[in-house]
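What's in data22.txt: compact mmCIF, C-alpha atoms
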# COMPACT_ATOMS: atom_id res chain seq x y z
CA MET A 1 3.22 -48.75 -0.31
CA ASN A 2 6.25 -49.16 1.94
CA LEU A 3 8.52 -48.31 -0.98
CA ALA A 4 6.63 -45.07 -1.62
CA ALA A 5 6.73 -44.19 2.08
CA GLY A 6 10.45 -44.83 2.17
CA THR A 7 11.00 -42.65 -0.89
CA ASN A 8 9.02 -39.80 0.63
CA GLU A 9 10.98 -40.10 3.85
CA ASN A 10 14.27 -39.93 1.94
CA LEU A 11 13.04 -36.85 0.06
CA ALA A 12 12.06 -35.19 3.34
CA HIS A 13 15.53 -35.93 4.72
CA MET A 14 17.12 -34.55 1.56
CA SER A 15 15.03 -31.39 1.93
CA ASN A 16 16.30 -30.87 5.48
CA VAL A 17 19.91 -31.39 4.37
CA LEU A 18 19.54 -28.88 1.54
CA ILE A 19 17.92 -26.27 3.79
CA TYR A 20 20.73 -26.59 6.35
CA SER A 21 23.25 -26.42 3.50
CA ALA A 22 21.60 -23.23 2.28
CA MET A 23 21.91 -21.78 5.78
CA ALA A 24 25.62 -22.64 5.88
CA VAL A 25 26.25 -20.98 2.50
CA TYR A 26 24.17 -17.94 3.47
CA MET A 27 26.33 -17.64 6.59
CA LEU A 28 29.43 -17.50 4.39
CA ALA A 29 27.71 -14.87 2.25
CA PHE A 30 26.95 -12.91 5.42
CA PHE A 31 30.65 -12.78 6.33
CA ALA A 32 31.57 -11.87 2.75
CA HIS A 33 29.14 -8.94 2.88
CA ILE A 34 30.68 -7.88 6.19
CA ALA A 35 34.09 -7.94 4.51
CA GLU A 36 32.71 -5.90 1.61
CA TRP A 37 31.55 -3.15 3.97
CA THR A 38 34.71 -3.38 6.08
CA PHE A 39 37.32 -3.26 3.33
CA GLY A 40 35.40 -1.07 0.91
CA ALA A 41 36.24 2.63 0.98
CA ARG A 42 34.64 5.63 -0.63
CA SER A 43 35.81 6.08 -4.19
CA LYS A 44 37.30 9.28 -5.56
CA VAL A 45 34.16 9.83 -7.62
CA GLY A 46 31.99 9.45 -4.53
CA ARG A 47 34.11 11.87 -2.53
CA THR A 48 34.03 14.45 -5.30
CA ALA A 49 30.27 14.20 -5.76
CA ALA A 50 29.66 14.47 -2.03
CA ALA A 51 31.90 17.52 -1.80
CA LEU A 52 30.04 19.26 -4.61
CA THR A 53 26.59 18.72 -3.11
CA SER A 54 27.12 18.67 0.64
CA THR A 55 26.73 21.49 3.11
CA PRO A 56 26.60 25.24 2.35
CA ALA A 57 29.91 25.61 4.16
CA ALA A 58 31.52 23.16 1.80
CA ALA A 59 29.99 24.98 -1.14
CA ALA A 60 31.41 28.29 0.06
CA SER A 61 34.88 26.83 0.46
CA ALA A 62 34.83 25.08 -2.91
CA PRO A 63 37.35 26.45 -5.40
CA LYS A 64 36.14 28.92 -7.99
CA VAL A 65 36.61 28.36 -11.69
CA GLN A 66 38.94 30.79 -13.49
CA VAL A 67 38.49 31.22 -17.26
CA LYS A 68 40.12 33.41 -19.89
CA LYS A 69 38.11 36.08 -21.62
CA ALA A 70 38.17 36.59 -25.36
CA GLY A 71 39.92 39.99 -24.89
CA GLY A 72 42.80 38.44 -23.00
CA GLY A 73 41.61 39.07 -19.41
CA THR A 74 40.39 36.53 -16.88
CA ALA A 75 37.14 36.05 -15.00
CA VAL A 76 36.27 34.02 -11.92
CA LEU A 77 33.08 32.00 -12.10
CA GLU A 78 31.17 30.78 -9.08
CA ARG A 79 30.97 27.09 -8.36
CA PRO A 80 28.40 25.61 -10.75
CA LYS A 81 25.17 24.43 -9.13
CA ILE A 82 24.48 20.74 -9.46
CA VAL A 83 20.81 19.85 -9.74
CA THR A 84 19.50 16.33 -9.28
CA ARG A 85 15.98 14.99 -9.54
CA SER A 86 14.42 14.45 -6.15
CA ALA A 87 11.12 14.73 -4.36
CA ALA A 88 9.87 18.09 -3.20
CA GLY A 89 11.47 19.09 0.07
CA SER A 90 14.30 16.55 -0.20
CA ARG A 91 18.00 17.26 -0.41
CA ASP A 92 19.95 17.16 -3.66
CA VAL A 93 22.52 14.59 -2.58
CA PRO A 94 24.18 12.06 -4.90
CA ASP A 95 24.05 8.34 -4.30
CA GLY A 96 26.95 6.76 -2.47
CA PRO A 97 29.41 4.50 -4.29
CA GLY A 98 27.92 1.34 -2.76
CA ALA A 99 29.00 -1.16 -0.14
CA ALA A 100 32.27 -1.87 -1.95
CA GLY A 101 33.02 1.83 -1.93
CA GLY A 102 34.54 1.68 -5.40
CA THR A 103 37.64 -0.21 -4.25
CA GLU A 104 38.92 -3.34 -5.94
CA GLN A 105 39.13 -5.29 -2.67
CA GLY A 106 35.65 -4.29 -1.53
CA ASP A 107 34.20 -5.14 -4.92
CA LEU A 108 35.87 -8.56 -4.84
CA TYR A 109 34.26 -9.42 -1.50
CA GLY A 110 30.94 -8.14 -2.82
CA ARG A 111 31.12 -10.40 -5.86
CA ILE A 112 32.02 -13.34 -3.65
CA ALA A 113 29.02 -12.53 -1.43
CA ILE A 114 26.66 -12.45 -4.42
CA SER A 115 28.08 -15.72 -5.76
CA LEU A 116 27.59 -17.40 -2.37
CA THR A 117 24.06 -15.99 -2.18
CA VAL A 118 23.29 -17.60 -5.54
CA VAL A 119 24.66 -20.95 -4.35
CA GLY A 120 22.65 -20.71 -1.12
CA PHE A 121 19.56 -19.82 -3.14
CA LEU A 122 19.99 -22.90 -5.35
CA CYS A 123 20.34 -25.11 -2.26
CA ALA A 124 17.19 -23.56 -0.80
CA VAL A 125 15.27 -24.11 -4.05
CA GLY A 126 16.35 -27.75 -3.97
CA GLY A 127 15.17 -28.03 -0.37
CA VAL A 128 11.75 -26.57 -1.18
CA VAL A 129 11.34 -28.80 -4.24
CA ALA A 130 12.38 -31.91 -2.28
CA ARG A 131 9.88 -31.00 0.45
CA ALA A 132 7.15 -30.69 -2.17
CA ALA A 133 8.08 -34.05 -3.68
CA SER A 134 8.08 -35.73 -0.26
CA VAL A 135 4.47 -34.71 0.41
CA GLU A 136 3.32 -34.67 -3.25
CA ARG A 137 1.70 -31.23 -2.93
CA ALA A 138 2.46 -27.53 -2.80
CA PRO A 139 5.27 -26.97 -0.26
CA TRP A 140 3.44 -24.45 1.92
CA GLY A 141 0.90 -26.35 3.97
CA ASN A 142 2.27 -25.15 7.34
CA MET A 143 4.42 -22.36 8.73
CA TYR A 144 7.68 -24.26 8.32
CA GLU A 145 7.07 -24.82 4.64
CA PHE A 146 5.83 -21.28 4.17
CA SER A 147 8.95 -19.90 5.88
CA ILE A 148 11.50 -21.82 3.81
CA THR A 149 9.63 -20.89 0.63
CA PHE A 150 9.25 -17.26 1.72
CA SER A 151 12.97 -16.82 2.41
CA THR A 152 13.80 -18.43 -0.93
CA VAL A 153 11.48 -16.05 -2.80
CA VAL A 154 12.97 -13.05 -0.94
CA VAL A 155 16.41 -13.97 -2.27
CA ALA A 156 14.90 -14.60 -5.72
CA VAL A 157 13.44 -11.08 -5.82
CA TYR A 158 16.82 -9.64 -4.82
CA LEU A 159 18.68 -11.63 -7.48
CA VAL A 160 16.15 -10.67 -10.14
CA LEU A 161 16.69 -6.99 -9.34
CA LEU A 162 20.44 -7.51 -9.67
CA ALA A 163 19.95 -9.37 -12.96
CA PHE A 164 18.02 -6.38 -14.31
CA LYS A 165 20.95 -4.11 -13.40
CA VAL A 166 19.16 -2.44 -10.49
CA LYS A 167 21.86 -1.25 -8.08
CA VAL A 168 20.71 -2.98 -4.90
CA ARG A 169 23.90 -4.68 -3.73
CA TRP A 170 23.70 -2.46 -0.65
CA LEU A 171 20.69 -4.60 0.32
CA GLY A 172 22.73 -7.81 0.45
CA LEU A 173 23.83 -7.67 4.08
CA PRO A 174 20.42 -6.92 5.69
CA LEU A 175 18.72 -9.38 3.32
CA VAL A 176 21.04 -12.30 4.09
CA THR A 177 20.78 -11.49 7.80
CA ALA A 178 16.97 -11.60 7.68
CA VAL A 179 16.97 -14.80 5.63
CA LEU A 180 19.26 -16.52 8.14
CA LEU A 181 16.98 -15.39 10.97
CA ASP A 182 13.88 -16.65 9.14
CA LEU A 183 15.43 -20.04 8.36
CA GLY A 184 16.76 -20.32 11.91
CA ILE A 185 13.28 -19.81 13.34
CA ALA A 186 11.80 -22.18 10.76
CA THR A 187 14.19 -25.05 11.49
CA THR A 188 14.15 -24.73 15.30
CA VAL A 189 10.72 -23.41 16.30
CA LEU A 190 8.39 -23.96 13.36
CA TYR A 191 9.61 -27.29 12.03
CA THR A 192 6.83 -29.73 11.18
CA SER A 193 7.31 -33.22 9.77
CA SER A 194 6.04 -33.93 6.28
CA ASP A 195 2.33 -34.67 6.30
CA GLN A 196 -0.73 -34.45 4.08
CA LEU A 197 -3.12 -31.52 4.02
CA VAL A 198 -6.45 -31.28 5.75
CA PRO A 199 -9.45 -31.51 3.37
CA ALA A 200 -10.06 -27.73 3.38
CA LEU A 201 -6.67 -27.18 1.75
CA HIS A 202 -7.15 -29.65 -1.10
CA SER A 203 -7.80 -27.07 -3.78
CA TYR A 204 -6.00 -25.52 -6.74
CA TRP A 205 -6.52 -22.20 -4.93
CA LEU A 206 -3.72 -23.29 -2.59
CA TRP A 207 -1.27 -22.82 -5.46
CA ILE A 208 -2.78 -19.49 -6.46
CA HIS A 209 -3.57 -17.80 -3.14
CA VAL A 210 -0.57 -18.88 -1.05
CA SER A 211 2.00 -18.45 -3.83
CA CYS A 212 0.77 -14.89 -4.36
CA ALA A 213 0.96 -14.25 -0.60
CA ILE A 214 4.57 -15.47 -0.53
CA ILE A 215 5.58 -13.28 -3.49
CA CYS A 216 3.87 -10.26 -1.91
CA GLY A 217 5.52 -10.82 1.46
CA ALA A 218 8.96 -11.19 -0.12
CA THR A 219 8.53 -8.01 -2.13
CA PHE A 220 7.11 -6.11 0.84
CA PHE A 221 10.24 -7.16 2.75
CA ILE A 222 12.48 -5.62 0.07
CA GLY A 223 10.43 -2.42 0.26
CA GLY A 224 10.49 -2.44 4.06
CA ALA A 225 14.27 -2.86 4.17
CA GLY A 226 14.67 0.07 1.78
CA THR A 227 12.34 2.18 3.92
CA LEU A 228 14.26 1.41 7.11
CA LEU A 229 17.57 2.31 5.49
CA TYR A 230 15.95 5.49 4.15
CA LEU A 231 15.17 6.62 7.70
CA PHE A 232 18.80 6.10 8.78
CA ARG A 233 20.18 7.81 5.70
CA ASP A 234 17.73 10.72 6.00
CA SER A 235 18.73 11.30 9.63
CA TYR A 236 22.38 11.23 8.60
CA GLU A 237 21.85 13.75 5.78
CA ALA A 238 19.92 16.04 8.12
CA LYS A 239 22.75 15.91 10.65
CA VAL A 240 25.34 16.75 7.98
CA ALA A 241 23.19 19.56 6.59
CA ALA A 242 22.93 21.02 10.09
CA GLY A 243 26.72 21.18 10.32
CA LYS A 244 27.05 18.36 12.86
CA GLU A 245 29.95 15.93 12.66
CA PRO A 246 28.81 12.27 12.46
CA SER A 247 30.98 9.51 13.84
CA PRO A 248 33.53 7.98 11.44
CA PHE A 249 31.70 4.64 11.50
CA MET A 250 28.34 6.24 10.73
CA ALA A 251 29.84 8.33 7.94
CA SER A 252 31.58 5.30 6.44
CA VAL A 253 28.34 3.28 6.31
CA MET A 254 25.83 5.98 5.42
CA GLU A 255 27.89 7.62 2.68
CA ARG A 256 28.07 4.35 0.76
CA LEU A 257 24.28 3.95 0.63
CA PRO A 258 22.09 5.55 -2.01
CA SER A 259 20.80 9.00 -1.07
CA ALA A 260 17.68 9.31 1.06
CA ALA A 261 15.74 10.50 -2.00
CA SER A 262 16.81 7.43 -3.98
CA LEU A 263 15.95 5.02 -1.14
CA ASP A 264 12.58 6.71 -0.67
CA LYS A 265 11.78 6.41 -4.38
CA PHE A 266 12.98 2.79 -4.51
CA SER A 267 10.81 1.70 -1.58
CA TYR A 268 7.75 3.46 -2.93
CA ARG A 269 8.09 1.85 -6.35
CA ILE A 270 8.56 -1.62 -4.88
CA ASN A 271 5.50 -1.32 -2.63
CA ALA A 272 3.37 0.24 -5.37
CA ALA A 273 4.34 -2.47 -7.84
CA VAL A 274 3.29 -5.37 -5.59
CA PHE A 275 0.16 -3.80 -4.06
CA PRO A 276 -2.16 -4.92 -6.91
CA LEU A 277 -0.96 -8.50 -6.41
CA TRP A 278 -1.72 -8.24 -2.68
CA THR A 279 -5.22 -7.07 -3.61
CA PHE A 280 -5.61 -10.13 -5.84
CA THR A 281 -4.27 -12.34 -3.03
CA ILE A 282 -7.06 -11.25 -0.71
CA ILE A 283 -9.69 -11.69 -3.43
CA ALA A 284 -8.35 -15.18 -4.25
CA GLY A 285 -8.47 -16.07 -0.55
CA ALA A 286 -12.09 -14.97 -0.37
CA ILE A 287 -13.01 -17.12 -3.37
CA TRP A 288 -11.20 -20.09 -1.83
CA ALA A 289 -13.04 -19.51 1.47
CA GLY A 290 -16.33 -19.62 -0.44
CA ASP A 291 -15.41 -23.00 -1.89
CA ALA A 292 -14.01 -24.46 1.36
CA TRP A 293 -16.31 -23.01 4.04
CA GLY A 294 -19.37 -21.84 2.15
CA ARG A 295 -18.81 -18.13 2.77
CA TYR A 296 -16.50 -15.60 1.16
CA TRP A 297 -15.72 -13.47 4.20
CA GLY A 298 -16.21 -14.12 7.89
CA TRP A 299 -13.77 -11.77 9.66
CA ASP A 300 -11.56 -14.65 10.69
CA PRO A 301 -8.38 -13.26 12.38
CA LYS A 302 -6.30 -14.08 9.29
CA GLU A 303 -8.82 -12.41 6.99
CA THR A 304 -9.11 -9.41 9.29
CA TRP A 305 -5.38 -8.77 9.48
CA SER A 306 -4.94 -9.34 5.76
CA PHE A 307 -7.53 -6.63 5.20
CA ILE A 308 -5.88 -4.34 7.79
CA THR A 309 -2.55 -4.80 6.00
CA TRP A 310 -4.22 -3.93 2.69
CA VAL A 311 -5.79 -0.79 4.19
CA VAL A 312 -2.50 0.44 5.70
CA TYR A 313 -0.60 -0.08 2.45
CA ALA A 314 -3.41 1.67 0.57
CA CYS A 315 -3.12 4.61 2.99
CA TYR A 316 0.63 4.66 2.45
CA LEU A 317 0.29 4.78 -1.33
CA HIS A 318 -2.34 7.50 -1.03
CA ALA A 319 -0.13 9.42 1.40
CA ARG A 320 2.75 9.26 -1.06
CA ALA A 321 0.54 11.02 -3.60
CA THR A 322 -0.15 13.79 -1.09
CA ALA A 323 2.56 16.48 -0.83
CA GLY A 324 2.37 16.72 2.95
CA TRP A 325 3.05 13.00 3.47
CA LYS A 326 6.25 12.46 1.55
CA GLY A 327 9.44 11.47 3.31
CA ARG A 328 9.57 10.31 6.91
CA LYS A 329 5.82 10.41 7.60
CA ALA A 330 5.10 8.10 4.69
CA ALA A 331 8.09 5.93 5.64
CA TYR A 332 6.73 5.35 9.15
CA LEU A 333 3.40 4.34 7.62
CA ALA A 334 5.15 1.93 5.23
CA LEU A 335 7.01 0.28 8.12
CA PHE A 336 3.77 -0.01 10.08
CA ALA A 337 2.16 -1.67 7.05
CA PHE A 338 4.98 -4.21 6.80
CA GLY A 339 4.71 -4.76 10.56
CA CYS A 340 1.04 -5.63 10.03
CA TRP A 341 2.09 -8.19 7.41
CA ILE A 342 4.65 -9.73 9.79
CA TRP A 343 2.08 -9.89 12.59
CA ASN A 344 -0.44 -11.46 10.22
CA TYR A 345 2.11 -14.16 9.44
CA TYR A 346 3.74 -14.91 12.80
CA GLY A 347 1.42 -13.44 15.42
CA VAL A 348 -1.94 -14.52 14.04
CA ASN A 349 -0.73 -18.02 13.16
CA ILE A 350 0.93 -18.68 16.53
CA PHE A 351 -1.08 -16.73 19.12
CA ILE A 352 -4.61 -16.47 17.70
CA SER A 353 -6.94 -19.36 16.88
CA GLY A 354 -9.16 -19.29 13.83
CA LYS A 355 -10.13 -21.17 10.71
CA HIS A 356 -6.60 -20.73 9.41
CA SER A 357 -5.12 -22.64 12.38
CA TYR A 358 -5.62 -26.05 10.79
CA ALA A 359 -1.96 -26.60 9.87
CA GLY A 360 -0.39 -25.81 13.24
CA VAL A 361 3.10 -24.37 13.19
For the structure just supplied, provide its representation as structure tokens.
Amino acid sequence: MNLAAGTNENLAHMSNVLIYSAMAVYMLAFFAHIAEWTFGARSKVGRTAAALTSTPAAAASAPKVQVKKAGGGTAVLERPKIVTRSAAGSRDVPDGPGAAGGTEQGDLYGRIAISLTVVGFLCAVGGVVARAASVERAPWGNMYEFSITFSTVVVAVYLVLLAFKVKVRWLGLPLVTAVLLDLGIATTVLYTSSDQLVPALHSYWLWIHVSCAIICGATFFIGGAGTLLYLFRDSYEAKVAAGKEPSPFMASVMERLPSAASLDKFSYRINAAVFPLWTFTIIAGAIWAGDAWGRYWGWDPKETWSFITWVVYACYLHARATAGWKGRKAAYLALFAFGCWIWNYYGVNIFISGKHSYAGV
């Protein structure tokens, strides 16, 4: 018995060491991403594409094309119109060259940042697995365990997108920043020593319901980050289209991001893809509540806010299908929906008592 207790204690200590190691590596990745944005510069291709599809003034000043006629004369053709696919009412603006800006030095720092992110992710996975082994159960019985698992899954979603050749390296800096913040809160404010679960949590539904909630939250975060960047990029494009001169810093950052239309489309697809899983998460929670408490739904604060989050995301997806709610209006609704999810996680667990308060922080 003492041997088993000592082994579990060692595993818990190993988990803590691995989580702190992951934080240290993520910090190095954070600085590498900063270097990528700092030393990257807009590529020649990016500058050319922006010049061809920027303001009407730039279009008017663009050089004409002179060609020879079959009879020996010459003719001057107007600048050809470049058409890109975008949502109705949006601007036809090409995507930026990325955080590296198409430069060799910027790309090098970007690759270093991704490599460090992978190493940090592996350390975090080891920490989560060691925590699970130390308590001999699913590693999300309290907010600390949920947080370290959540941040690990966020990075996993990001790396999977990169592995499938989705161009989301621009998301690296805000993602690593958020992960460091989440782990910092988890290790300082939410930390809870390894312990066994209360009887209500001893169910296979713990693996199903909570794992789905973690995956949904991680994916919603990716969509929320894309939506926030869309709002910044859309404001920048509107300022440029109005003939205003943005600051050099703002231009340097914004012109490397994907276009507002691309960010808008990316965020919508991410949120739409994970919404069915969030629906299943709520249904699974209701079934688990029926087994644990003898009723499927009781408007517990956690249940209520989960349902509110579902409703707001459903309204967002419906609004996206309505012509009058594309763009910024839908983006504000998407951010509000993600805010509901964050409140459901932090606010409800910390400030509101209910049947889901059994695990403490």
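Take atom CA of A:Phe31 and atom CA of A:Trp170: the distance between them is 14.3 Å.
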Distance query stretch 330-336 of chain A at most 10 Å, only C-alpha atoms, self and fewer than 3 positions along chain excluded, as a ChimeraX atom specification: /A:220-221,223-228,230-231,264,267-268,271,309,312-322,324-327,339-342
Would you mind listing what lies within 12 Å of A:Glu237 as number ranges by chain, with all atoms listed in the file counted and same-chain residues fewer than 4 positions away left out? A: 50, 53-55, 90-96, 230-233, 241-246, 250-251, 254-255, 257-261
So which one's closest to A:Ala35, A:Ala12, A:Trp310, A:Val17, A:Ala100? Using all atoms listed in the file, please.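 Smallest separation from A:Ala35 among the options: A:Ala100.
Of the listed residues (A:Thr38, A:Ser235, A:Ser211, A:Thr281), A:Ser211 comes nearest to A:Thr149; the distances count only C-alpha atoms.
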Axis-aligned box over every listed atom of stretch 340-356 of chain A, padded by 3 Å per side: centre and edges in Å to one decimal, as AutoDock Vina command-line options?
--center_x -2.7 --center_y -13.4 --center_z 13.3 --size_x 20.8 --size_y 21.5 --size_z 17.7
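Across the structure, atom CA of A:Trp37 and atom CA of A:Ala178 are spaced 17.3 Å apart.
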Expressed in Å to a single decimal, how great is the separation between atom CA of A:Phe164 and atom CA of A:Arg111?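 The value is 16.1 Å.
Candidate residues A:Ala29, A:Ala284, A:Val168, A:Ile215 were compared for distance to A:Arg256, and the nearest is A:Val168, using only C-alpha atoms.
The closest residue to A:Ala113, picked from A:Ala32, A:Ala273, A:Ile352, A:Ile19 and counting all atoms listed in the file, is A:Ala32.
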Can you pull out every residue within 10 Å of A:Glu145, counting only C-alpha atoms, but drop anything in the same chain fewer than 5 positions away, and send it as a ChimeraX atom specification? /A:128,131-132,138-140,150,186-187,190-194,361
Identify, on the basis of only C-alpha atoms, every residue whose closest approach to A:Leu175 does not exceed 12 Å; exclude the query and any residue fewer than 3 positions from it along the same chain; express the result as a PyMOL selection string. chain A and resi 26-27+29-30+33+113-114+117+151-159+168-172+178-182+218-219+221-226+229
Selected residue of minimal separation from A:Ser115 among A:Phe249, A:Pro174, A:Val25, A:Asn8, counting all atoms listed in the file: A:Val25
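Taking all atoms listed in the file into account, A:Tyr20 lies nearest to A:Phe121 out of the set A:Tyr345, A:Tyr204, A:Trp293, A:Phe121.
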Could you add whatever atoms are missing so that stretch 120-136 of chain A carries N, CA, C and O atoms, then write the result as a tab-separated table (two decimals), in the coordinates of the input?
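The resulting part01.tsv:
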chain	number	residue	atom	x	y	z
A	120	GLY	N	23.60	-20.46	-2.20
A	120	GLY	CA	22.65	-20.71	-1.12
A	120	GLY	C	21.22	-20.75	-1.62
A	120	GLY	O	20.41	-21.58	-1.19
A	121	PHE	N	20.90	-19.85	-2.55
A	121	PHE	CA	19.56	-19.82	-3.14
A	121	PHE	C	19.25	-21.13	-3.87
A	121	PHE	O	18.15	-21.68	-3.73
A	122	LEU	N	20.21	-21.64	-4.63
A	122	LEU	CA	19.99	-22.90	-5.35
A	122	LEU	C	19.79	-24.06	-4.38
A	122	LEU	O	18.94	-24.94	-4.62
A	123	CYS	N	20.54	-24.08	-3.29
A	123	CYS	CA	20.34	-25.11	-2.26
A	123	CYS	C	18.94	-25.00	-1.65
A	123	CYS	O	18.26	-26.02	-1.43
A	124	ALA	N	18.51	-23.77	-1.38
A	124	ALA	CA	17.19	-23.56	-0.80
A	124	ALA	C	16.08	-24.00	-1.76
A	124	ALA	O	15.09	-24.61	-1.35
A	125	VAL	N	16.25	-23.67	-3.05
A	125	VAL	CA	15.27	-24.11	-4.05
A	125	VAL	C	15.18	-25.63	-4.07
A	125	VAL	O	14.09	-26.22	-4.11
A	126	GLY	N	16.35	-26.29	-4.02
A	126	GLY	CA	16.35	-27.75	-3.97
A	126	GLY	C	15.64	-28.28	-2.74
A	126	GLY	O	14.91	-29.28	-2.81
A	127	GLY	N	15.84	-27.61	-1.60
A	127	GLY	CA	15.17	-28.03	-0.37
A	127	GLY	C	13.66	-27.88	-0.46
A	127	GLY	O	12.91	-28.76	0.00
A	128	VAL	N	13.19	-26.79	-1.04
A	128	VAL	CA	11.75	-26.57	-1.18
A	128	VAL	C	11.15	-27.58	-2.14
A	128	VAL	O	10.08	-28.16	-1.88
A	129	VAL	N	11.84	-27.84	-3.25
A	129	VAL	CA	11.34	-28.80	-4.24
A	129	VAL	C	11.31	-30.21	-3.65
A	129	VAL	O	10.34	-30.97	-3.85
A	130	ALA	N	12.34	-30.59	-2.91
A	130	ALA	CA	12.38	-31.91	-2.28
A	130	ALA	C	11.26	-32.05	-1.24
A	130	ALA	O	10.65	-33.12	-1.12
A	131	ARG	N	10.99	-30.97	-0.51
A	131	ARG	CA	9.88	-31.00	0.45
A	131	ARG	C	8.57	-31.21	-0.27
A	131	ARG	O	7.71	-31.99	0.18
A	132	ALA	N	8.38	-30.53	-1.40
A	132	ALA	CA	7.15	-30.69	-2.17
A	132	ALA	C	7.01	-32.11	-2.69
A	132	ALA	O	5.92	-32.70	-2.67
A	133	ALA	N	8.13	-32.68	-3.16
A	133	ALA	CA	8.08	-34.05	-3.68
A	133	ALA	C	7.80	-35.06	-2.57
A	133	ALA	O	7.13	-36.08	-2.80
A	134	SER	N	8.28	-34.78	-1.37
A	134	SER	CA	8.08	-35.73	-0.26
A	134	SER	C	6.63	-35.80	0.18
A	134	SER	O	6.19	-36.83	0.70
A	135	VAL	N	5.88	-34.73	-0.01
A	135	VAL	CA	4.47	-34.71	0.41
A	135	VAL	C	3.52	-34.71	-0.79
A	135	VAL	O	2.30	-34.76	-0.63
A	136	GLU	N	4.10	-34.61	-2.00
A	136	GLU	CA	3.32	-34.67	-3.25
A	136	GLU	C	2.24	-33.59	-3.29
A	136	GLU	O	1.08	-33.85	-3.63
